[in-house]
Every structure is written in structure tokens, then in C-alpha cells.
>>> print(open('model21.pdb').read())   # PDB, C-alpha atoms, pLDDT in the B column
ATOM      1  CA  MET A 139      -1.523  11.879  14.419  1.00 78.00           C
ATOM      2  CA  GLU A 140      -0.717  10.293  17.759  1.00 89.00           C
ATOM      3  CA  ALA A 141      -4.082   8.545  17.528  1.00 95.00           C
ATOM      4  CA  ARG A 142      -3.055   7.002  14.189  1.00 96.00           C
ATOM      5  CA  ALA A 143       0.179   5.719  15.709  1.00 95.00           C
ATOM      6  CA  THR A 144      -1.684   4.282  18.692  1.00 96.00           C
ATOM      7  CA  LEU A 145      -4.223   2.630  16.423  1.00 97.00           C
ATOM      8  CA  GLY A 146      -1.436   1.162  14.283  1.00 96.00           C
ATOM      9  CA  LYS A 147       0.228  -0.291  17.384  1.00 95.00           C
ATOM     10  CA  ALA A 148      -3.110  -1.726  18.526  1.00 97.00           C
ATOM     11  CA  TYR A 149      -3.614  -3.393  15.151  1.00 98.00           C
ATOM     12  CA  MET A 150      -0.164  -4.956  15.454  1.00 97.00           C
ATOM     13  CA  ARG A 151      -0.999  -6.334  18.908  1.00 97.00           C
ATOM     14  CA  ALA A 152      -4.227  -7.720  17.456  1.00 98.00           C
ATOM     15  CA  GLY A 153      -2.321  -9.510  14.686  1.00 97.00           C
ATOM     16  CA  ARG A 154      -3.564  -7.248  11.901  1.00 98.00           C
ATOM     17  CA  PRO A 155      -0.391  -5.999  10.202  1.00 98.00           C
ATOM     18  CA  ALA A 156      -2.111  -4.794   7.012  1.00 98.00           C
ATOM     19  CA  ALA A 157      -4.424  -2.527   9.012  1.00 98.00           C
ATOM     20  CA  ALA A 158      -1.440  -1.394  11.091  1.00 98.00           C
ATOM     21  CA  ILE A 159       0.481  -0.345   7.987  1.00 98.00           C
ATOM     22  CA  ALA A 160      -2.310   1.943   6.833  1.00 96.00           C
ATOM     23  CA  GLU A 161      -2.389   3.749  10.176  1.00 97.00           C
ATOM     24  CA  LEU A 162       1.353   3.845  10.763  1.00 97.00           C
ATOM     25  CA  GLN A 163       1.996   5.357   7.339  1.00 97.00           C
ATOM     26  CA  LYS A 164      -0.355   8.217   8.177  1.00 96.00           C
ATOM     27  CA  ALA A 165       1.627   8.960  11.352  1.00 96.00           C
ATOM     28  CA  LEU A 166       5.189   8.729   9.965  1.00 95.00           C
ATOM     29  CA  SER A 167       5.663  12.489   9.738  1.00 93.00           C
ATOM     30  CA  PHE A 168       5.552  12.519  13.556  1.00 91.00           C
ATOM     31  CA  ASP A 169       8.123   9.742  13.999  1.00 93.00           C
ATOM     32  CA  PHE A 170      11.155  11.555  15.366  1.00 88.00           C
ATOM     33  CA  TYR A 171      12.972   8.591  16.916  1.00 92.00           C
ATOM     34  CA  GLY A 172      12.280   5.750  14.467  1.00 95.00           C
ATOM     35  CA  ASP A 173       9.780   3.888  16.632  1.00 95.00           C
ATOM     36  CA  LEU A 174       6.969   3.987  14.093  1.00 96.00           C
ATOM     37  CA  HIS A 175       9.290   2.973  11.287  1.00 97.00           C
ATOM     38  CA  PHE A 176      10.308  -0.012  13.399  1.00 97.00           C
ATOM     39  CA  MET A 177       6.638  -0.945  13.886  1.00 97.00           C
ATOM     40  CA  LEU A 178       6.192  -0.575  10.130  1.00 97.00           C
ATOM     41  CA  TYR A 179       9.150  -2.908   9.626  1.00 98.00           C
ATOM     42  CA  ARG A 180       7.480  -5.524  11.831  1.00 98.00           C
ATOM     43  CA  ALA A 181       4.186  -5.196   9.954  1.00 98.00           C
ATOM     44  CA  TYR A 182       5.830  -5.550   6.545  1.00 98.00           C
ATOM     45  CA  HIS A 183       7.906  -8.453   7.837  1.00 98.00           C
ATOM     46  CA  ASP A 184       4.782 -10.212   9.103  1.00 98.00           C
ATOM     47  CA  LEU A 185       3.252  -9.871   5.642  1.00 98.00           C
ATOM     48  CA  GLY A 186       6.383 -11.179   3.914  1.00 98.00           C
ATOM     49  CA  LYS A 187       7.139  -7.866   2.217  1.00 98.00           C
ATOM     50  CA  THR A 188      10.900  -8.194   2.572  1.00 98.00           C
ATOM     51  CA  GLU A 189      12.078  -5.144   0.641  1.00 98.00           C
ATOM     52  CA  LEU A 190       9.602  -2.792   2.298  1.00 98.00           C
ATOM     53  CA  ALA A 191      10.499  -4.270   5.679  1.00 98.00           C
ATOM     54  CA  ARG A 192      14.196  -3.753   5.059  1.00 98.00           C
ATOM     55  CA  ALA A 193      13.651  -0.137   3.978  1.00 98.00           C
ATOM     56  CA  ALA A 194      11.569   0.617   7.075  1.00 98.00           C
ATOM     57  CA  LEU A 195      14.161  -1.010   9.338  1.00 98.00           C
ATOM     58  CA  ASN A 196      16.991   0.950   7.718  1.00 98.00           C
ATOM     59  CA  ARG A 197      15.062   4.205   8.116  1.00 97.00           C
ATOM     60  CA  SER A 198      14.351   3.377  11.763  1.00 97.00           C
ATOM     61  CA  ALA A 199      18.030   2.704  12.448  1.00 96.00           C
ATOM     62  CA  GLU A 200      19.037   5.947  10.707  1.00 94.00           C
ATOM     63  CA  MET A 201      16.507   7.952  12.707  1.00 93.00           C
ATOM     64  CA  ARG A 202      17.627   6.387  16.000  1.00 91.00           C
ATOM     65  CA  LYS A 203      21.258   7.157  15.196  1.00 90.00           C
ATOM     66  CA  ASN A 204      20.400  10.765  14.331  1.00 86.00           C
ATOM     67  CA  SER A 205      18.294  11.222  17.463  1.00 79.00           C
ATOM     68  CA  VAL A 206      21.146   9.957  19.644  1.00 69.00           C
ATOM     69  CA  ALA A 207      23.527  12.400  17.966  1.00 65.00           C
ATOM     70  CA  ARG A 208      21.007  15.238  18.392  1.00 67.00           C
ATOM     71  CA  ASP A 209      20.551  14.411  22.073  1.00 66.00           C
ATOM     72  CA  ARG A 210      24.300  14.149  22.615  1.00 69.00           C
ATOM     73  CA  ASP A 211      24.844  17.530  20.957  1.00 65.00           C
ATOM     74  CA  SER A 212      22.129  19.164  23.069  1.00 71.00           C
ATOM     75  CA  TRP A 213      23.690  17.745  26.253  1.00 73.00           C
ATOM     76  CA  ARG A 214      26.997  19.292  25.215  1.00 69.00           C
ATOM     77  CA  GLY A 215      25.329  22.625  24.648  1.00 66.00           C
ATOM     78  CA  GLY A 216      25.726  22.695  20.912  1.00 53.00           C
TER      79      GLY A 216
END
>>> encode(input="model21.pdb", output="C-alpha cells")
Amino acid sequence: MEARATLGKAYMRAGRPAAAIAELQKALSFDFYGDLHFMLYRAYHDLGKTELARAALNRSAEMRKNSVARDRDSWRGG
């Protein structure tokens, strides 16, 4: 799935958000920190899909918050 994520990012750099969405969606189950959801947000935003963009951005923010809490807990030994 890392290849799908990389391909999605490459499509974004190439200015092809619709192609990026297809690849990023296939890799979302491996997005542990919200990075791919943020890329998905950018792709939806570029296509003017406001509601989908907002949902992806919210999910990204939630995942980032949870990953920070997880990391903090592991540093504390719990």
C-alpha cells in the first residue's frame, strides 16, 4: 500500500488530484498519522469538493491528535 500512497502523492505534485484521490483512498488503511487524509483533503479541495475536503481534513486532524497522545503515553511508559 505504500506504493499507492507514493503514487497518490506523485499525482498531486503533477496536478492530477482526481488520479491522486483514487490512489490515496486505496492506501488509507495504512494512514496512522493523518498524512494521507491531509493529502486527500488537498485533492478534494483542488477539485472543489468542499464537504469531502472538510471531512478528510477533520479526520486528519483527529488522527494527528490521537497519534500525539499515543506517542506521549508511550514516552511516559503507559
>>> residues_near_point(input="model21.pdb", point="(9.1, -5.0, 6.4)", cutoff="9 Å", atoms="all atoms listed in the file", output="ChimeraX atom specification")
/A:176-195
>>> resolve_selection(input="model21.pdb", expression="the PyMOL selection byres ((chain A and resi 198) around 8)", output="list of chain:residue names")
A:Tyr171, A:Gly172, A:Asp173, A:Leu174, A:His175, A:Phe176, A:Ala194, A:Leu195, A:Asn196, A:Arg197, A:Ala199, A:Glu200, A:Met201, A:Arg202
>>> resolve_selection(input="model21.pdb", expression="the PyMOL selection byres ((chain A and resi 145) around 12)", output="PDB file with C-alpha atoms, in the frame of the given file")
ATOM      1  CA  MET A 139      -1.523  11.879  14.419  1.00 78.00           C
ATOM      2  CA  GLU A 140      -0.717  10.293  17.759  1.00 89.00           C
ATOM      3  CA  ALA A 141      -4.082   8.545  17.528  1.00 95.00           C
ATOM      4  CA  ARG A 142      -3.055   7.002  14.189  1.00 96.00           C
ATOM      5  CA  ALA A 143       0.179   5.719  15.709  1.00 95.00           C
ATOM      6  CA  THR A 144      -1.684   4.282  18.692  1.00 96.00           C
ATOM      7  CA  GLY A 146      -1.436   1.162  14.283  1.00 96.00           C
ATOM      8  CA  LYS A 147       0.228  -0.291  17.384  1.00 95.00           C
ATOM      9  CA  ALA A 148      -3.110  -1.726  18.526  1.00 97.00           C
ATOM     10  CA  TYR A 149      -3.614  -3.393  15.151  1.00 98.00           C
ATOM     11  CA  MET A 150      -0.164  -4.956  15.454  1.00 97.00           C
ATOM     12  CA  ARG A 151      -0.999  -6.334  18.908  1.00 97.00           C
ATOM     13  CA  ALA A 152      -4.227  -7.720  17.456  1.00 98.00           C
ATOM     14  CA  ARG A 154      -3.564  -7.248  11.901  1.00 98.00           C
ATOM     15  CA  PRO A 155      -0.391  -5.999  10.202  1.00 98.00           C
ATOM     16  CA  ALA A 157      -4.424  -2.527   9.012  1.00 98.00           C
ATOM     17  CA  ALA A 158      -1.440  -1.394  11.091  1.00 98.00           C
ATOM     18  CA  ILE A 159       0.481  -0.345   7.987  1.00 98.00           C
ATOM     19  CA  ALA A 160      -2.310   1.943   6.833  1.00 96.00           C
ATOM     20  CA  GLU A 161      -2.389   3.749  10.176  1.00 97.00           C
ATOM     21  CA  LEU A 162       1.353   3.845  10.763  1.00 97.00           C
ATOM     22  CA  GLN A 163       1.996   5.357   7.339  1.00 97.00           C
ATOM     23  CA  LYS A 164      -0.355   8.217   8.177  1.00 96.00           C
ATOM     24  CA  ALA A 165       1.627   8.960  11.352  1.00 96.00           C
ATOM     25  CA  LEU A 174       6.969   3.987  14.093  1.00 96.00           C
ATOM     26  CA  MET A 177       6.638  -0.945  13.886  1.00 97.00           C
TER      27      MET A 177
END
>>> build_atoms(input="model21.pdb", residues="segment 148-178 of chain A", atoms="N, CA and C atoms", output="PDB file, keeping the file's coordinate frame")
ATOM      1  N   ALA A 148      -2.036  -0.828  18.074  1.00 97.00           N
ATOM      2  CA  ALA A 148      -3.110  -1.726  18.526  1.00 97.00           C
ATOM      3  C   ALA A 148      -3.396  -2.800  17.480  1.00 97.00           C
ATOM      4  N   TYR A 149      -3.410  -2.408  16.215  1.00 98.00           N
ATOM      5  CA  TYR A 149      -3.614  -3.393  15.151  1.00 98.00           C
ATOM      6  C   TYR A 149      -2.490  -4.435  15.145  1.00 98.00           C
ATOM      7  N   MET A 150      -1.281  -3.999  15.397  1.00 97.00           N
ATOM      8  CA  MET A 150      -0.164  -4.956  15.454  1.00 97.00           C
ATOM      9  C   MET A 150      -0.372  -5.947  16.599  1.00 97.00           C
ATOM     10  N   ARG A 151      -0.754  -5.448  17.761  1.00 97.00           N
ATOM     11  CA  ARG A 151      -0.999  -6.334  18.908  1.00 97.00           C
ATOM     12  C   ARG A 151      -2.138  -7.312  18.625  1.00 97.00           C
ATOM     13  N   ALA A 152      -3.086  -6.880  17.797  1.00 98.00           N
ATOM     14  CA  ALA A 152      -4.227  -7.720  17.456  1.00 98.00           C
ATOM     15  C   ALA A 152      -3.922  -8.675  16.299  1.00 98.00           C
ATOM     16  N   GLY A 153      -2.689  -8.622  15.790  1.00 97.00           N
ATOM     17  CA  GLY A 153      -2.321  -9.510  14.686  1.00 97.00           C
ATOM     18  C   GLY A 153      -2.873  -9.088  13.345  1.00 97.00           C
ATOM     19  N   ARG A 154      -3.029  -7.786  13.157  1.00 98.00           N
ATOM     20  CA  ARG A 154      -3.564  -7.248  11.901  1.00 98.00           C
ATOM     21  C   ARG A 154      -2.558  -6.299  11.258  1.00 98.00           C
ATOM     22  N   PRO A 155      -1.445  -6.859  10.736  1.00 98.00           N
ATOM     23  CA  PRO A 155      -0.391  -5.999  10.202  1.00 98.00           C
ATOM     24  C   PRO A 155      -0.817  -5.134   9.024  1.00 98.00           C
ATOM     25  N   ALA A 156      -1.687  -5.605   8.158  1.00 98.00           N
ATOM     26  CA  ALA A 156      -2.111  -4.794   7.012  1.00 98.00           C
ATOM     27  C   ALA A 156      -2.847  -3.540   7.482  1.00 98.00           C
ATOM     28  N   ALA A 157      -3.717  -3.690   8.461  1.00 98.00           N
ATOM     29  CA  ALA A 157      -4.424  -2.527   9.012  1.00 98.00           C
ATOM     30  C   ALA A 157      -3.437  -1.608   9.729  1.00 98.00           C
ATOM     31  N   ALA A 158      -2.448  -2.190  10.385  1.00 98.00           N
ATOM     32  CA  ALA A 158      -1.440  -1.394  11.091  1.00 98.00           C
ATOM     33  C   ALA A 158      -0.655  -0.530  10.111  1.00 98.00           C
ATOM     34  N   ILE A 159      -0.298  -1.091   8.980  1.00 98.00           N
ATOM     35  CA  ILE A 159       0.481  -0.345   7.987  1.00 98.00           C
ATOM     36  C   ILE A 159      -0.257   0.911   7.557  1.00 98.00           C
ATOM     37  N   ALA A 160      -1.527   0.786   7.283  1.00 96.00           N
ATOM     38  CA  ALA A 160      -2.310   1.943   6.833  1.00 96.00           C
ATOM     39  C   ALA A 160      -2.273   3.070   7.856  1.00 96.00           C
ATOM     40  N   GLU A 161      -2.391   2.724   9.125  1.00 97.00           N
ATOM     41  CA  GLU A 161      -2.389   3.749  10.176  1.00 97.00           C
ATOM     42  C   GLU A 161      -0.992   4.293  10.442  1.00 97.00           C
ATOM     43  N   LEU A 162      -0.017   3.414  10.483  1.00 97.00           N
ATOM     44  CA  LEU A 162       1.353   3.845  10.763  1.00 97.00           C
ATOM     45  C   LEU A 162       1.871   4.785   9.681  1.00 97.00           C
ATOM     46  N   GLN A 163       1.539   4.498   8.433  1.00 97.00           N
ATOM     47  CA  GLN A 163       1.996   5.357   7.339  1.00 97.00           C
ATOM     48  C   GLN A 163       1.452   6.776   7.477  1.00 97.00           C
ATOM     49  N   LYS A 164       0.248   6.899   7.994  1.00 96.00           N
ATOM     50  CA  LYS A 164      -0.355   8.217   8.177  1.00 96.00           C
ATOM     51  C   LYS A 164       0.321   9.007   9.301  1.00 96.00           C
ATOM     52  N   ALA A 165       1.015   8.313  10.190  1.00 96.00           N
ATOM     53  CA  ALA A 165       1.627   8.960  11.352  1.00 96.00           C
ATOM     54  C   ALA A 165       3.138   9.151  11.205  1.00 96.00           C
ATOM     55  N   LEU A 166       3.725   8.708  10.103  1.00 95.00           N
ATOM     56  CA  LEU A 166       5.189   8.729   9.965  1.00 95.00           C
ATOM     57  C   LEU A 166       5.802  10.121  10.051  1.00 95.00           C
ATOM     58  N   SER A 167       5.086  11.147   9.673  1.00 93.00           N
ATOM     59  CA  SER A 167       5.663  12.489   9.738  1.00 93.00           C
ATOM     60  C   SER A 167       5.912  12.930  11.181  1.00 93.00           C
ATOM     61  N   PHE A 168       5.351  12.210  12.144  1.00 91.00           N
ATOM     62  CA  PHE A 168       5.552  12.519  13.556  1.00 91.00           C
ATOM     63  C   PHE A 168       6.473  11.519  14.236  1.00 91.00           C
ATOM     64  N   ASP A 169       7.181  10.724  13.451  1.00 93.00           N
ATOM     65  CA  ASP A 169       8.123   9.742  13.999  1.00 93.00           C
ATOM     66  C   ASP A 169       9.506  10.383  14.050  1.00 93.00           C
ATOM     67  N   PHE A 170       9.882  10.850  15.220  1.00 88.00           N
ATOM     68  CA  PHE A 170      11.155  11.555  15.366  1.00 88.00           C
ATOM     69  C   PHE A 170      12.287  10.653  15.840  1.00 88.00           C
ATOM     70  N   TYR A 171      11.950   9.479  16.347  1.00 92.00           N
ATOM     71  CA  TYR A 171      12.972   8.591  16.916  1.00 92.00           C
ATOM     72  C   TYR A 171      13.054   7.235  16.229  1.00 92.00           C
ATOM     73  N   GLY A 172      12.223   7.002  15.211  1.00 95.00           N
ATOM     74  CA  GLY A 172      12.280   5.750  14.467  1.00 95.00           C
ATOM     75  C   GLY A 172      11.378   4.645  14.992  1.00 95.00           C
ATOM     76  N   ASP A 173      10.636   4.922  16.038  1.00 95.00           N
ATOM     77  CA  ASP A 173       9.780   3.888  16.632  1.00 95.00           C
ATOM     78  C   ASP A 173       8.678   3.417  15.679  1.00 95.00           C
ATOM     79  N   LEU A 174       8.052   4.363  15.011  1.00 96.00           N
ATOM     80  CA  LEU A 174       6.969   3.987  14.093  1.00 96.00           C
ATOM     81  C   LEU A 174       7.513   3.274  12.868  1.00 96.00           C
ATOM     82  N   HIS A 175       8.678   3.678  12.411  1.00 97.00           N
ATOM     83  CA  HIS A 175       9.290   2.973  11.287  1.00 97.00           C
ATOM     84  C   HIS A 175       9.632   1.541  11.681  1.00 97.00           C
ATOM     85  N   PHE A 176      10.026   1.342  12.943  1.00 97.00           N
ATOM     86  CA  PHE A 176      10.308  -0.012  13.399  1.00 97.00           C
ATOM     87  C   PHE A 176       9.023  -0.834  13.441  1.00 97.00           C
ATOM     88  N   MET A 177       7.929  -0.246  13.892  1.00 97.00           N
ATOM     89  CA  MET A 177       6.638  -0.945  13.886  1.00 97.00           C
ATOM     90  C   MET A 177       6.233  -1.277  12.446  1.00 97.00           C
ATOM     91  N   LEU A 178       6.493  -0.349  11.539  1.00 97.00           N
ATOM     92  CA  LEU A 178       6.192  -0.575  10.130  1.00 97.00           C
ATOM     93  C   LEU A 178       7.027  -1.737   9.595  1.00 97.00           C
TER      94      LEU A 178
END
